[in-house]
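Listing of protein_26.cif, mmCIF, C-alpha atoms
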```
data_run
loop_
_atom_site.label_atom_id
_atom_site.label_comp_id
_atom_site.auth_asym_id
_atom_site.auth_seq_id
_atom_site.Cartn_x
_atom_site.Cartn_y
_atom_site.Cartn_z
CA MET A 1 0.00 0.00 0.00
CA THR A 2 1.24 3.44 -0.81
CA ASP A 3 0.71 6.50 1.32
CA LYS A 4 -2.44 7.59 -0.35
CA ASP A 5 -3.79 10.14 2.04
CA SER A 6 -1.08 12.58 1.27
CA PHE A 7 -0.96 12.52 -2.49
CA THR A 8 -2.98 12.54 -5.67
CA PRO A 9 -1.05 10.79 -8.43
CA VAL A 10 -0.43 12.42 -11.81
CA ALA A 11 0.71 9.18 -13.42
CA ARG A 12 0.08 5.49 -12.86
CA THR A 13 2.41 2.74 -14.05
CA VAL A 14 2.18 -1.03 -13.92
CA LEU A 15 5.49 -2.87 -14.31
CA GLN A 16 5.97 -6.44 -15.46
CA GLN A 17 9.07 -8.48 -16.15
CA CYS A 18 9.35 -10.37 -19.42
CA LEU A 19 11.59 -12.81 -21.25
CA HIS A 20 10.07 -11.69 -24.51
CA GLY A 21 7.50 -9.04 -25.36
CA ARG A 22 5.98 -8.17 -28.72
CA LEU A 23 3.74 -5.19 -29.37
CA GLN A 24 1.88 -4.07 -32.47
CA VAL A 25 2.72 -0.50 -33.42
CA LYS A 26 0.78 -0.33 -36.68
CA PRO A 27 -2.27 -2.46 -37.48
CA ALA A 28 -2.58 -4.36 -40.73
CA GLU A 29 -3.98 -2.37 -43.65
CA GLU A 30 -4.98 -3.28 -47.16
CA GLY A 31 -2.06 -5.12 -48.67
CA GLU A 32 0.18 -4.36 -45.71
CA GLU A 33 0.90 -6.53 -42.72
CA ALA A 34 0.87 -5.16 -39.19
CA THR A 35 4.11 -3.73 -37.80
CA TRP A 36 5.47 -5.02 -34.51
CA VAL A 37 8.29 -4.15 -32.13
CA GLN A 38 9.79 -6.57 -29.67
CA ILE A 39 12.23 -6.91 -26.81
CA ASN A 40 13.80 -9.87 -25.13
CA ARG A 41 14.50 -9.87 -21.43
CA GLY A 42 13.44 -6.72 -19.68
CA MET A 43 10.58 -4.73 -18.25
CA VAL A 44 7.19 -3.77 -19.62
CA ILE A 45 5.98 -0.34 -18.50
CA TYR A 46 2.24 0.25 -18.86
CA ILE A 47 1.71 3.98 -18.42
CA CYS A 48 -1.18 6.40 -18.01
CA PHE A 49 -1.00 10.12 -17.28
CA PHE A 50 -3.64 11.94 -15.25
CA LYS A 51 -4.76 15.54 -15.36
CA GLY A 52 -2.15 17.65 -13.67
CA ALA A 53 0.86 15.80 -15.07
CA THR A 54 3.54 18.07 -16.52
CA ASP A 55 6.98 17.67 -18.04
CA ASP A 56 8.42 18.32 -14.59
CA THR A 57 6.98 14.98 -13.49
CA LEU A 58 9.01 12.99 -15.97
CA PRO A 59 12.73 13.01 -15.04
CA LYS A 60 12.21 11.76 -11.49
CA MET A 61 9.61 9.26 -12.71
CA VAL A 62 11.93 7.77 -15.33
CA SER A 63 14.83 7.70 -12.91
CA THR A 64 12.73 5.93 -10.28
CA LEU A 65 11.29 3.34 -12.68
CA LEU A 66 14.67 2.50 -14.15
CA ASN A 67 16.52 2.33 -10.83
CA GLN A 68 13.91 0.64 -8.66
CA ARG A 69 14.69 -3.01 -7.91
CA LEU A 70 11.76 -4.57 -9.76
CA CYS A 71 13.56 -7.24 -11.83
CA GLU A 72 14.87 -10.65 -10.88
CA SER A 73 18.47 -11.33 -11.83
CA ASP A 74 19.81 -14.75 -12.80
CA SER A 75 20.89 -15.30 -9.23
CA GLY A 76 17.39 -14.56 -7.94
CA LYS A 77 18.32 -11.17 -6.51
CA MET A 78 16.03 -8.21 -7.18
CA VAL A 79 17.82 -5.58 -9.26
CA SER A 80 16.84 -2.59 -11.38
CA VAL A 81 16.29 -2.89 -15.12
CA LEU A 82 19.47 -0.82 -15.60
CA ASP A 83 21.47 -3.26 -13.50
CA LEU A 84 19.89 -6.37 -15.02
CA PRO A 85 20.56 -5.06 -17.70
CA GLY A 86 17.29 -5.40 -19.56
CA SER A 87 15.31 -3.75 -22.31
CA LEU A 88 12.14 -1.70 -21.98
CA LEU A 89 8.79 -2.12 -23.68
CA ILE A 90 6.64 0.94 -23.05
CA VAL A 91 2.89 0.50 -23.50
CA PRO A 92 0.57 3.53 -23.39
CA GLN A 93 -2.43 2.32 -21.43
CA ALA A 94 -5.21 4.84 -20.88
CA THR A 95 -7.41 2.16 -19.31
CA LEU A 96 -5.16 2.30 -16.23
CA GLY A 97 -6.88 5.60 -15.39
CA GLY A 98 -10.26 3.92 -15.18
CA LYS A 99 -12.50 4.48 -12.20
CA ALA A 100 -15.56 2.36 -11.58
CA LYS A 101 -18.89 4.14 -11.85
CA GLY A 102 -21.61 1.57 -11.46
CA LYS A 103 -20.72 -1.31 -13.76
CA GLY A 104 -18.93 0.92 -16.25
CA MET A 105 -15.49 2.47 -16.19
CA GLN A 106 -14.91 6.19 -16.51
CA TYR A 107 -11.70 7.86 -17.53
CA HIS A 108 -12.39 11.46 -16.52
CA GLY A 109 -9.13 11.72 -14.57
CA ASN A 110 -7.00 11.01 -17.63
CA ILE A 111 -5.03 13.80 -19.21
CA GLY A 112 -6.17 15.18 -22.59
CA LYS A 113 -4.95 13.52 -25.77
CA GLU A 114 -2.48 16.17 -26.91
CA ASP A 115 -0.81 16.66 -23.55
CA GLY A 116 -0.81 12.91 -23.05
CA LEU A 117 0.93 12.31 -26.35
CA ARG A 118 3.57 14.95 -25.63
CA LEU A 119 4.28 13.56 -22.15
CA TYR A 120 4.38 10.03 -23.51
CA GLN A 121 6.88 10.96 -26.21
CA THR A 122 9.11 12.76 -23.72
CA PHE A 123 8.83 9.84 -21.30
CA VAL A 124 9.97 7.41 -24.02
CA SER A 125 12.82 9.66 -25.03
CA LEU A 126 14.05 10.05 -21.42
CA CYS A 127 13.91 6.26 -20.99
CA GLU A 128 15.96 5.82 -24.14
CA LYS A 129 18.60 8.28 -22.95
CA GLU A 130 18.91 6.78 -19.48
CA LEU A 131 18.89 3.14 -20.58
CA LEU A 132 21.37 3.64 -23.38
CA ALA A 133 23.70 5.71 -21.18
CA ALA A 134 23.73 2.92 -18.60
CA ALA A 135 24.15 0.25 -21.27
CA SER A 136 27.10 1.97 -22.89
CA ALA A 137 28.97 1.57 -19.61
CA GLN A 138 28.61 -2.19 -19.89
CA THR A 139 30.09 -4.49 -22.48
CA ASP A 140 28.45 -7.25 -24.51
CA THR A 141 24.97 -6.08 -23.63
CA GLU A 142 22.30 -5.34 -26.13
CA VAL A 143 19.43 -3.48 -24.57
CA MET A 144 16.79 -1.40 -26.29
CA VAL A 145 13.73 0.72 -25.69
CA LYS A 146 10.65 -0.14 -27.76
CA HIS A 147 7.26 1.43 -27.38
CA GLY A 148 3.69 1.36 -28.57
CA THR A 149 1.85 3.95 -30.65
CA TYR A 150 -0.06 6.36 -28.42
CA GLY A 151 -3.80 6.13 -28.98
CA ASN A 152 -3.68 2.79 -30.82
CA ARG A 153 -4.93 -0.58 -29.68
CA GLN A 154 -2.00 -2.19 -27.84
CA VAL A 155 -1.88 -5.73 -29.22
CA LEU A 156 0.61 -7.38 -26.88
CA LYS A 157 2.16 -10.80 -26.55
CA LEU A 158 4.14 -11.54 -23.44
CA ASP A 159 6.32 -14.37 -22.30
CA THR A 160 7.49 -14.26 -18.69
CA ASN A 161 9.34 -16.23 -16.09
CA GLY A 162 7.07 -14.60 -13.51
CA PRO A 163 5.71 -11.15 -14.29
CA TYR A 164 6.42 -9.75 -10.80
CA THR A 165 3.67 -7.20 -11.39
CA HIS A 166 4.22 -3.95 -9.51
CA LEU A 167 2.20 -0.75 -9.31
CA MET A 168 3.94 2.60 -9.02
CA GLU A 169 2.22 5.95 -8.94
CA PHE A 170 3.82 9.36 -9.24
CA MET B 1 -7.85 7.98 -10.12
CA THR B 2 -9.87 6.45 -7.34
CA ASP B 3 -11.12 8.26 -4.28
CA LYS B 4 -8.14 7.57 -2.17
CA ASP B 5 -8.59 9.91 0.69
CA SER B 6 -11.49 7.98 2.07
CA PHE B 7 -10.28 4.43 1.95
CA THR B 8 -7.40 2.08 2.64
CA PRO B 9 -7.60 -0.91 0.32
CA VAL B 10 -7.53 -4.49 1.65
CA ALA B 11 -6.96 -5.98 -1.81
CA ARG B 12 -5.42 -4.82 -5.07
CA THR B 13 -6.21 -6.35 -8.44
CA VAL B 14 -4.86 -5.70 -11.92
CA LEU B 15 -7.08 -6.91 -14.76
CA GLN B 16 -5.98 -7.72 -18.30
CA GLN B 17 -7.85 -9.11 -21.25
CA CYS B 18 -6.39 -12.03 -23.16
CA LEU B 19 -6.97 -14.18 -26.22
CA HIS B 20 -4.88 -16.90 -24.66
CA GLY B 21 -3.16 -17.20 -21.31
CA ARG B 22 -0.96 -19.96 -19.99
CA LEU B 23 0.31 -20.24 -16.43
CA GLN B 24 2.65 -22.70 -14.76
CA VAL B 25 1.10 -24.29 -11.68
CA LYS B 26 3.86 -26.76 -10.89
CA PRO B 27 7.51 -26.30 -11.86
CA ALA B 28 9.47 -29.04 -13.55
CA GLU B 29 11.07 -31.55 -11.26
CA GLU B 30 13.43 -34.45 -11.77
CA GLY B 31 11.93 -36.59 -14.50
CA GLU B 32 8.70 -34.60 -14.56
CA GLU B 33 7.74 -31.76 -16.81
CA ALA B 34 6.16 -28.58 -15.47
CA THR B 35 2.35 -28.47 -15.23
CA TRP B 36 0.44 -25.64 -16.87
CA VAL B 37 -3.14 -24.40 -17.00
CA GLN B 38 -4.51 -22.27 -19.79
CA ILE B 39 -7.54 -20.32 -20.90
CA ASN B 40 -8.55 -18.88 -24.21
CA ARG B 41 -10.43 -15.62 -24.44
CA GLY B 42 -11.07 -14.03 -21.08
CA MET B 43 -9.66 -12.00 -18.25
CA VAL B 44 -6.49 -12.32 -16.21
CA ILE B 45 -6.89 -11.29 -12.56
CA TYR B 46 -3.65 -10.52 -10.75
CA ILE B 47 -4.51 -10.38 -7.07
CA CYS B 48 -2.86 -9.36 -3.80
CA PHE B 49 -4.45 -9.17 -0.35
CA PHE B 50 -3.38 -6.64 2.26
CA LYS B 51 -3.49 -6.82 6.03
CA GLY B 52 -7.06 -6.31 7.14
CA ALA B 53 -8.64 -8.37 4.36
CA THR B 54 -11.25 -10.84 5.59
CA ASP B 55 -13.66 -13.32 4.04
CA ASP B 56 -16.30 -10.59 4.19
CA THR B 57 -14.34 -8.72 1.53
CA LEU B 58 -14.67 -11.47 -1.03
CA PRO B 59 -18.27 -11.78 -2.27
CA LYS B 60 -18.61 -8.12 -3.26
CA MET B 61 -15.12 -8.14 -4.73
CA VAL B 62 -15.81 -11.16 -6.92
CA SER B 63 -19.18 -9.79 -7.98
CA THR B 64 -17.64 -6.44 -8.91
CA LEU B 65 -14.74 -7.94 -10.87
CA LEU B 66 -16.96 -10.31 -12.82
CA ASN B 67 -19.66 -7.75 -13.57
CA GLN B 68 -17.57 -4.67 -14.27
CA ARG B 69 -17.35 -3.79 -17.96
CA LEU B 70 -13.64 -4.40 -18.47
CA CYS B 71 -13.71 -6.60 -21.60
CA GLU B 72 -14.08 -5.70 -25.24
CA SER B 73 -16.76 -7.66 -27.11
CA ASP B 74 -16.52 -8.58 -30.79
CA SER B 75 -18.52 -5.50 -31.65
CA GLY B 76 -16.09 -3.27 -29.75
CA LYS B 77 -18.49 -2.63 -26.88
CA MET B 78 -17.16 -2.90 -23.33
CA VAL B 79 -18.87 -5.73 -21.46
CA SER B 80 -18.22 -7.77 -18.33
CA VAL B 81 -16.37 -11.08 -18.44
CA LEU B 82 -19.67 -12.78 -17.56
CA ASP B 83 -21.37 -11.16 -20.54
CA LEU B 84 -18.49 -11.71 -22.94
CA PRO B 85 -18.59 -14.62 -21.95
CA GLY B 86 -14.95 -15.28 -21.16
CA SER B 87 -12.78 -17.42 -18.96
CA LEU B 88 -10.74 -16.35 -15.95
CA LEU B 89 -7.07 -16.84 -15.22
CA ILE B 90 -6.35 -15.93 -11.60
CA VAL B 91 -2.74 -15.12 -10.75
CA PRO B 92 -1.68 -14.64 -7.12
CA GLN B 93 0.69 -11.70 -7.23
CA ALA B 94 2.18 -10.60 -3.92
CA THR B 95 4.44 -8.11 -5.69
CA LEU B 96 1.36 -5.94 -6.29
CA GLY B 97 1.54 -5.01 -2.63
CA GLY B 98 5.01 -3.52 -3.05
CA LYS B 99 5.81 -0.08 -1.76
CA ALA B 100 8.98 1.73 -2.73
CA LYS B 101 11.45 2.32 0.09
CA GLY B 102 14.56 3.84 -1.41
CA LYS B 103 15.46 1.74 -4.44
CA GLY B 104 14.00 -1.43 -2.94
CA MET B 105 10.44 -2.63 -2.65
CA GLN B 106 8.85 -3.56 0.66
CA TYR B 107 5.82 -5.75 1.14
CA HIS B 108 4.95 -5.00 4.76
CA GLY B 109 1.33 -4.24 3.90
CA ASN B 110 0.71 -7.71 2.50
CA ILE B 111 -1.38 -10.15 4.45
CA GLY B 112 0.33 -13.13 6.11
CA LYS B 113 0.85 -16.31 4.12
CA GLU B 114 -1.78 -18.49 5.78
CA ASP B 115 -4.55 -15.91 5.70
CA GLY B 116 -3.55 -14.99 2.17
CA LEU B 117 -3.76 -18.59 1.00
CA ARG B 118 -7.20 -19.05 2.57
CA LEU B 119 -8.55 -15.82 1.07
CA TYR B 120 -7.07 -16.73 -2.30
CA GLN B 121 -8.67 -20.18 -2.28
CA THR B 122 -12.05 -18.75 -1.33
CA PHE B 123 -11.70 -16.04 -3.97
CA VAL B 124 -11.02 -18.68 -6.64
CA SER B 125 -13.93 -20.80 -5.50
CA LEU B 126 -16.35 -17.83 -5.53
CA CYS B 127 -15.16 -16.92 -9.04
CA GLU B 128 -15.79 -20.50 -10.18
CA LYS B 129 -19.31 -20.50 -8.74
CA GLU B 130 -20.27 -17.16 -10.24
CA LEU B 131 -18.73 -17.75 -13.66
CA LEU B 132 -20.14 -21.23 -14.05
CA ALA B 133 -23.61 -20.16 -12.88
CA ALA B 134 -23.61 -17.40 -15.49
CA ALA B 135 -22.24 -19.72 -18.15
CA SER B 136 -24.85 -22.40 -17.55
CA ALA B 137 -27.49 -19.85 -18.52
CA GLN B 138 -25.88 -19.57 -21.96
CA THR B 139 -25.60 -22.20 -24.62
CA ASP B 140 -22.60 -23.25 -26.68
CA THR B 141 -20.17 -21.47 -24.41
CA GLU B 142 -17.19 -23.07 -22.81
CA VAL B 143 -15.75 -20.91 -20.10
CA MET B 144 -13.50 -21.93 -17.26
CA VAL B 145 -11.66 -20.65 -14.22
CA LYS B 146 -7.97 -21.51 -14.00
CA HIS B 147 -5.59 -20.27 -11.37
CA GLY B 148 -2.00 -20.24 -10.24
CA THR B 149 -0.49 -21.91 -7.20
CA TYR B 150 -0.31 -19.53 -4.27
CA GLY B 151 3.27 -18.84 -3.23
CA ASN B 152 4.83 -20.21 -6.41
CA ARG B 153 6.63 -18.33 -9.15
CA GLN B 154 3.93 -17.32 -11.64
CA VAL B 155 5.41 -18.24 -15.02
CA LEU B 156 2.94 -16.64 -17.41
CA LYS B 157 2.53 -16.42 -21.16
CA LEU B 158 -0.04 -14.03 -22.50
CA ASP B 159 -1.47 -13.32 -25.92
CA THR B 160 -3.75 -10.30 -26.17
CA ASN B 161 -5.65 -8.19 -28.64
CA GLY B 162 -5.03 -5.24 -26.33
CA PRO B 163 -4.64 -5.97 -22.63
CA TYR B 164 -6.89 -3.06 -21.54
CA THR B 165 -5.07 -3.06 -18.21
CA HIS B 166 -7.24 -1.86 -15.32
CA LEU B 167 -6.53 -1.41 -11.63
CA MET B 168 -9.23 -2.06 -9.06
CA GLU B 169 -8.78 -1.85 -5.34
CA PHE B 170 -11.17 -3.07 -2.66
#
```
Can you present the structure in this file as structure tokens?
Amino acid sequence: MTDKDSFTPVARTVLQQCLHGRLQVKPAEEGEEATWVQINRGMVIYICFFKGATDDTLPKMVSTLLNQRLCESDSGKMVSVLDLPGSLLIVPQATLGGKAKGKGMQYHGNIGKEDGLRLYQTFVSLCEKELLAAASAQTDTEVMVKHGTYGNRQVLKLDTNGPYTHLMEF
Amino acid sequence: MTDKDSFTPVARTVLQQCLHGRLQVKPAEEGEEATWVQINRGMVIYICFFKGATDDTLPKMVSTLLNQRLCESDSGKMVSVLDLPGSLLIVPQATLGGKAKGKGMQYHGNIGKEDGLRLYQTFVSLCEKELLAAASAQTDTEVMVKHGTYGNRQVLKLDTNGPYTHLMEF
């Protein structure tokens, strides 16, 4: 449980560990197959921004997510995705902002589309910078940041050795 | 965002939609292969109980999860898993109770093992009752409830057409 009395989150993330993750970034169209991105071992970040989120939220958020010990190393120790080292698959997930109202879900707390897209793009770009900077300090490691298309359906295939699902709010 | 000021949750669930989900319920041992359960179209329920959860929590929780419109029907309308109708894959997930403390995660809010196991078993059994009762009212539908082994590593493989990840706390 997080300390909820004292804070109203501006972003919600769900984190899962994967051995392999594959995400559609462009659906199939006439005469064209769908386009996919994929990572091997690493962390899936499902992310949703709420009203009130600003660019100022992002650096600390990225630093926390990438340095928090959420991943299981080969020896069974919990380490950060930077220390693993692992790749990142970032999945925009507006449904995470859902709030039950009767039997339906409402998403009134979610940030508007334009601001959400901008924050998402900056979030991805900060993740890329931080992950690649950490990776360059290590040898024989191939890590990458892949991400879904904001606003699209997130067709996802996941293969885990235990997803170790965590929730982190910012 | 949920109304957080007024309530301290006793259970946290993350819900995802799947086309196919496969979960290890018994790891491989000498001379024996691992045992898996699987569902086709339906909902994955990741679940974690906190201190303070009791059996009284469960009936309303199960009813809400199974009746909330969290699933996308063929026509693109959001419907409940009972109305879909879909199967359930229940994944015990203690990591959901994690709270950041420095770079580590702490799980002090989680319920004890014995109480957690009992609540989990009752939760699964209530889900089975409610899903099968609803399914028996429909023809040509084969739905099922499958679930992971409490306390084990949850080796999971998931195939989605959009996970529509939701968070619901009780």
Proximal residues of chain A relative to chain B (only C-alpha atoms; 7 Å) as a PyMOL selection string: chain A and resi 1-2+4-5+67-69+93+95-99+103-105+109+153-167
One-decimal distance in Å that lies between atom CA of Phe123 of chain A and atom CA of Met43 of chain B: 28.8 Å
Write out the coordinates of chain B as a short mmCIF file (atom, residue, chain, number, x, y, z; two decimals) with C-alpha atoms, keeping the file's coordinate frame after a least-squares overlay onto chain A built on all ordered Cα pairs.
```cif
data_model
loop_
_atom_site.label_atom_id
_atom_site.label_comp_id
_atom_site.auth_asym_id
_atom_site.auth_seq_id
_atom_site.Cartn_x
_atom_site.Cartn_y
_atom_site.Cartn_z
CA MET B 1 -0.12 -0.02 -0.03
CA THR B 2 1.22 3.41 -0.77
CA ASP B 3 0.72 6.48 1.37
CA LYS B 4 -2.42 7.60 -0.28
CA ASP B 5 -3.73 10.15 2.09
CA SER B 6 -1.02 12.60 1.26
CA PHE B 7 -0.92 12.53 -2.49
CA THR B 8 -2.96 12.54 -5.67
CA PRO B 9 -1.05 10.78 -8.43
CA VAL B 10 -0.43 12.43 -11.82
CA ALA B 11 0.71 9.17 -13.43
CA ARG B 12 0.08 5.48 -12.87
CA THR B 13 2.40 2.74 -14.06
CA VAL B 14 2.18 -1.04 -13.92
CA LEU B 15 5.49 -2.87 -14.32
CA GLN B 16 5.97 -6.45 -15.47
CA GLN B 17 9.07 -8.47 -16.16
CA CYS B 18 9.34 -10.38 -19.41
CA LEU B 19 11.58 -12.82 -21.26
CA HIS B 20 10.06 -11.69 -24.52
CA GLY B 21 7.50 -9.05 -25.36
CA ARG B 22 5.98 -8.18 -28.70
CA LEU B 23 3.73 -5.20 -29.38
CA GLN B 24 1.88 -4.07 -32.48
CA VAL B 25 2.71 -0.50 -33.43
CA LYS B 26 0.78 -0.33 -36.69
CA PRO B 27 -2.27 -2.46 -37.49
CA ALA B 28 -2.57 -4.34 -40.74
CA GLU B 29 -3.96 -2.40 -43.64
CA GLU B 30 -4.96 -3.28 -47.17
CA GLY B 31 -2.03 -5.12 -48.68
CA GLU B 32 0.22 -4.39 -45.72
CA GLU B 33 0.93 -6.54 -42.73
CA ALA B 34 0.87 -5.16 -39.20
CA THR B 35 4.13 -3.74 -37.80
CA TRP B 36 5.48 -5.01 -34.50
CA VAL B 37 8.30 -4.15 -32.13
CA GLN B 38 9.79 -6.59 -29.67
CA ILE B 39 12.23 -6.91 -26.82
CA ASN B 40 13.79 -9.87 -25.13
CA ARG B 41 14.50 -9.88 -21.43
CA GLY B 42 13.42 -6.70 -19.70
CA MET B 43 10.57 -4.73 -18.26
CA VAL B 44 7.17 -3.77 -19.62
CA ILE B 45 5.97 -0.34 -18.50
CA TYR B 46 2.24 0.25 -18.86
CA ILE B 47 1.71 3.97 -18.42
CA CYS B 48 -1.18 6.40 -18.01
CA PHE B 49 -1.00 10.13 -17.27
CA PHE B 50 -3.63 11.95 -15.24
CA LYS B 51 -4.75 15.55 -15.36
CA GLY B 52 -2.13 17.67 -13.66
CA ALA B 53 0.87 15.79 -15.08
CA THR B 54 3.55 18.07 -16.51
CA ASP B 55 6.99 17.67 -18.04
CA ASP B 56 8.42 18.32 -14.58
CA THR B 57 6.99 14.98 -13.49
CA LEU B 58 9.02 13.00 -15.98
CA PRO B 59 12.72 13.01 -15.06
CA LYS B 60 12.20 11.75 -11.50
CA MET B 61 9.61 9.27 -12.71
CA VAL B 62 11.92 7.78 -15.33
CA SER B 63 14.83 7.69 -12.91
CA THR B 64 12.72 5.93 -10.28
CA LEU B 65 11.29 3.34 -12.68
CA LEU B 66 14.67 2.49 -14.17
CA ASN B 67 16.50 2.34 -10.85
CA GLN B 68 13.91 0.65 -8.66
CA ARG B 69 14.68 -2.99 -7.93
CA LEU B 70 11.76 -4.58 -9.76
CA CYS B 71 13.58 -7.24 -11.82
CA GLU B 72 14.86 -10.65 -10.87
CA SER B 73 18.48 -11.33 -11.81
CA ASP B 74 19.81 -14.76 -12.78
CA SER B 75 20.89 -15.30 -9.20
CA GLY B 76 17.39 -14.55 -7.92
CA LYS B 77 18.34 -11.16 -6.49
CA MET B 78 16.05 -8.21 -7.18
CA VAL B 79 17.83 -5.58 -9.25
CA SER B 80 16.84 -2.59 -11.38
CA VAL B 81 16.29 -2.89 -15.12
CA LEU B 82 19.45 -0.81 -15.60
CA ASP B 83 21.46 -3.27 -13.51
CA LEU B 84 19.89 -6.38 -15.02
CA PRO B 85 20.57 -5.07 -17.72
CA GLY B 86 17.28 -5.40 -19.57
CA SER B 87 15.29 -3.76 -22.30
CA LEU B 88 12.13 -1.71 -21.97
CA LEU B 89 8.79 -2.12 -23.67
CA ILE B 90 6.64 0.95 -23.04
CA VAL B 91 2.89 0.51 -23.50
CA PRO B 92 0.57 3.53 -23.39
CA GLN B 93 -2.42 2.33 -21.43
CA ALA B 94 -5.21 4.84 -20.88
CA THR B 95 -7.40 2.16 -19.31
CA LEU B 96 -5.16 2.32 -16.23
CA GLY B 97 -6.85 5.59 -15.40
CA GLY B 98 -10.26 3.92 -15.17
CA LYS B 99 -12.49 4.47 -12.20
CA ALA B 100 -15.55 2.34 -11.57
CA LYS B 101 -18.88 4.14 -11.84
CA GLY B 102 -21.61 1.56 -11.47
CA LYS B 103 -20.71 -1.32 -13.77
CA GLY B 104 -18.92 0.93 -16.25
CA MET B 105 -15.49 2.47 -16.17
CA GLN B 106 -14.90 6.20 -16.49
CA TYR B 107 -11.69 7.87 -17.52
CA HIS B 108 -12.38 11.47 -16.51
CA GLY B 109 -9.12 11.71 -14.57
CA ASN B 110 -7.00 11.00 -17.63
CA ILE B 111 -5.03 13.79 -19.21
CA GLY B 112 -6.16 15.16 -22.59
CA LYS B 113 -4.94 13.50 -25.76
CA GLU B 114 -2.48 16.16 -26.92
CA ASP B 115 -0.82 16.65 -23.55
CA GLY B 116 -0.80 12.91 -23.04
CA LEU B 117 0.92 12.30 -26.36
CA ARG B 118 3.58 14.92 -25.62
CA LEU B 119 4.26 13.55 -22.13
CA TYR B 120 4.38 10.02 -23.51
CA GLN B 121 6.89 10.96 -26.21
CA THR B 122 9.11 12.75 -23.72
CA PHE B 123 8.83 9.84 -21.30
CA VAL B 124 9.97 7.42 -24.03
CA SER B 125 12.83 9.67 -25.03
CA LEU B 126 14.04 10.05 -21.42
CA CYS B 127 13.89 6.27 -20.98
CA GLU B 128 15.97 5.82 -24.14
CA LYS B 129 18.60 8.29 -22.94
CA GLU B 130 18.90 6.78 -19.48
CA LEU B 131 18.88 3.15 -20.57
CA LEU B 132 21.36 3.64 -23.37
CA ALA B 133 23.70 5.71 -21.19
CA ALA B 134 23.71 2.93 -18.60
CA ALA B 135 24.13 0.27 -21.26
CA SER B 136 27.09 1.98 -22.90
CA ALA B 137 28.95 1.60 -19.61
CA GLN B 138 28.60 -2.18 -19.91
CA THR B 139 30.08 -4.46 -22.49
CA ASP B 140 28.46 -7.23 -24.50
CA THR B 141 24.97 -6.07 -23.64
CA GLU B 142 22.30 -5.32 -26.15
CA VAL B 143 19.42 -3.48 -24.59
CA MET B 144 16.79 -1.40 -26.30
CA VAL B 145 13.72 0.72 -25.70
CA LYS B 146 10.65 -0.14 -27.76
CA HIS B 147 7.26 1.44 -27.38
CA GLY B 148 3.69 1.36 -28.56
CA THR B 149 1.85 3.94 -30.63
CA TYR B 150 -0.05 6.36 -28.44
CA GLY B 151 -3.80 6.12 -29.00
CA ASN B 152 -3.67 2.80 -30.83
CA ARG B 153 -4.93 -0.57 -29.68
CA GLN B 154 -2.02 -2.18 -27.83
CA VAL B 155 -1.90 -5.72 -29.21
CA LEU B 156 0.59 -7.38 -26.88
CA LYS B 157 2.16 -10.80 -26.56
CA LEU B 158 4.13 -11.53 -23.44
CA ASP B 159 6.33 -14.38 -22.31
CA THR B 160 7.48 -14.26 -18.69
CA ASN B 161 9.33 -16.23 -16.08
CA GLY B 162 7.06 -14.60 -13.50
CA PRO B 163 5.69 -11.16 -14.30
CA TYR B 164 6.40 -9.76 -10.80
CA THR B 165 3.66 -7.21 -11.40
CA HIS B 166 4.22 -3.94 -9.52
CA LEU B 167 2.20 -0.75 -9.32
CA MET B 168 3.93 2.60 -9.01
CA GLU B 169 2.21 5.94 -8.94
CA PHE B 170 3.80 9.36 -9.27
#
```
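We find atom CA of Pro27 of chain B and atom CA of Ile39 of chain B to be spaced 18.5 Å apart.
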Separation of atom CA of Phe170 of chain A from atom CA of Gln38 of chain A, in Å and rounded to one decimal: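 Result for atom CA of Phe170 of chain A versus atom CA of Gln38 of chain A: 26.6 Å, one decimal.
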Would you kindly identify which residues have an atom no farther than 12 Å from (-26.7, -16.0, -17.7), using all atoms listed in the file and the file's own coordinates, and write them out as a compact mmCIF listing (two decimals) with C-alpha atoms, in the coordinates of the input?
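File result24.txt, as written:
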```
# COMPACT_ATOMS: atom_id res chain seq x y z
CA ASN B 67 -19.66 -7.75 -13.57
CA SER B 80 -18.22 -7.77 -18.33
CA VAL B 81 -16.37 -11.08 -18.44
CA LEU B 82 -19.67 -12.78 -17.56
CA ASP B 83 -21.37 -11.16 -20.54
CA LEU B 84 -18.49 -11.71 -22.94
CA PRO B 85 -18.59 -14.62 -21.95
CA GLU B 130 -20.27 -17.16 -10.24
CA LEU B 131 -18.73 -17.75 -13.66
CA LEU B 132 -20.14 -21.23 -14.05
CA ALA B 133 -23.61 -20.16 -12.88
CA ALA B 134 -23.61 -17.40 -15.49
CA ALA B 135 -22.24 -19.72 -18.15
CA SER B 136 -24.85 -22.40 -17.55
CA ALA B 137 -27.49 -19.85 -18.52
CA GLN B 138 -25.88 -19.57 -21.96
CA THR B 139 -25.60 -22.20 -24.62
CA THR B 141 -20.17 -21.47 -24.41
```
Output of the PyMOL selection byres ((chain A and resi 54) around 12), listed as a PyMOL selection string: chain A and resi 9-11+49-53+55-61+111-112+115-120+122-123+170
Neighbour list for Leu88 of chain B as a PyMOL selection string, cut-off 9 Å, all atoms listed in the file, skip fewer than 2 positions in-chain: chain B and resi 39-45+81+86+90+127-128+131+143-147
Among listed residues A:Glu114, A:Lys129, A:Gln17, A:Thr35, nearest Leu89 of chain A (using only C-alpha atoms):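 Among the listed residues, A:Gln17 lies closest to Leu89 of chain A.
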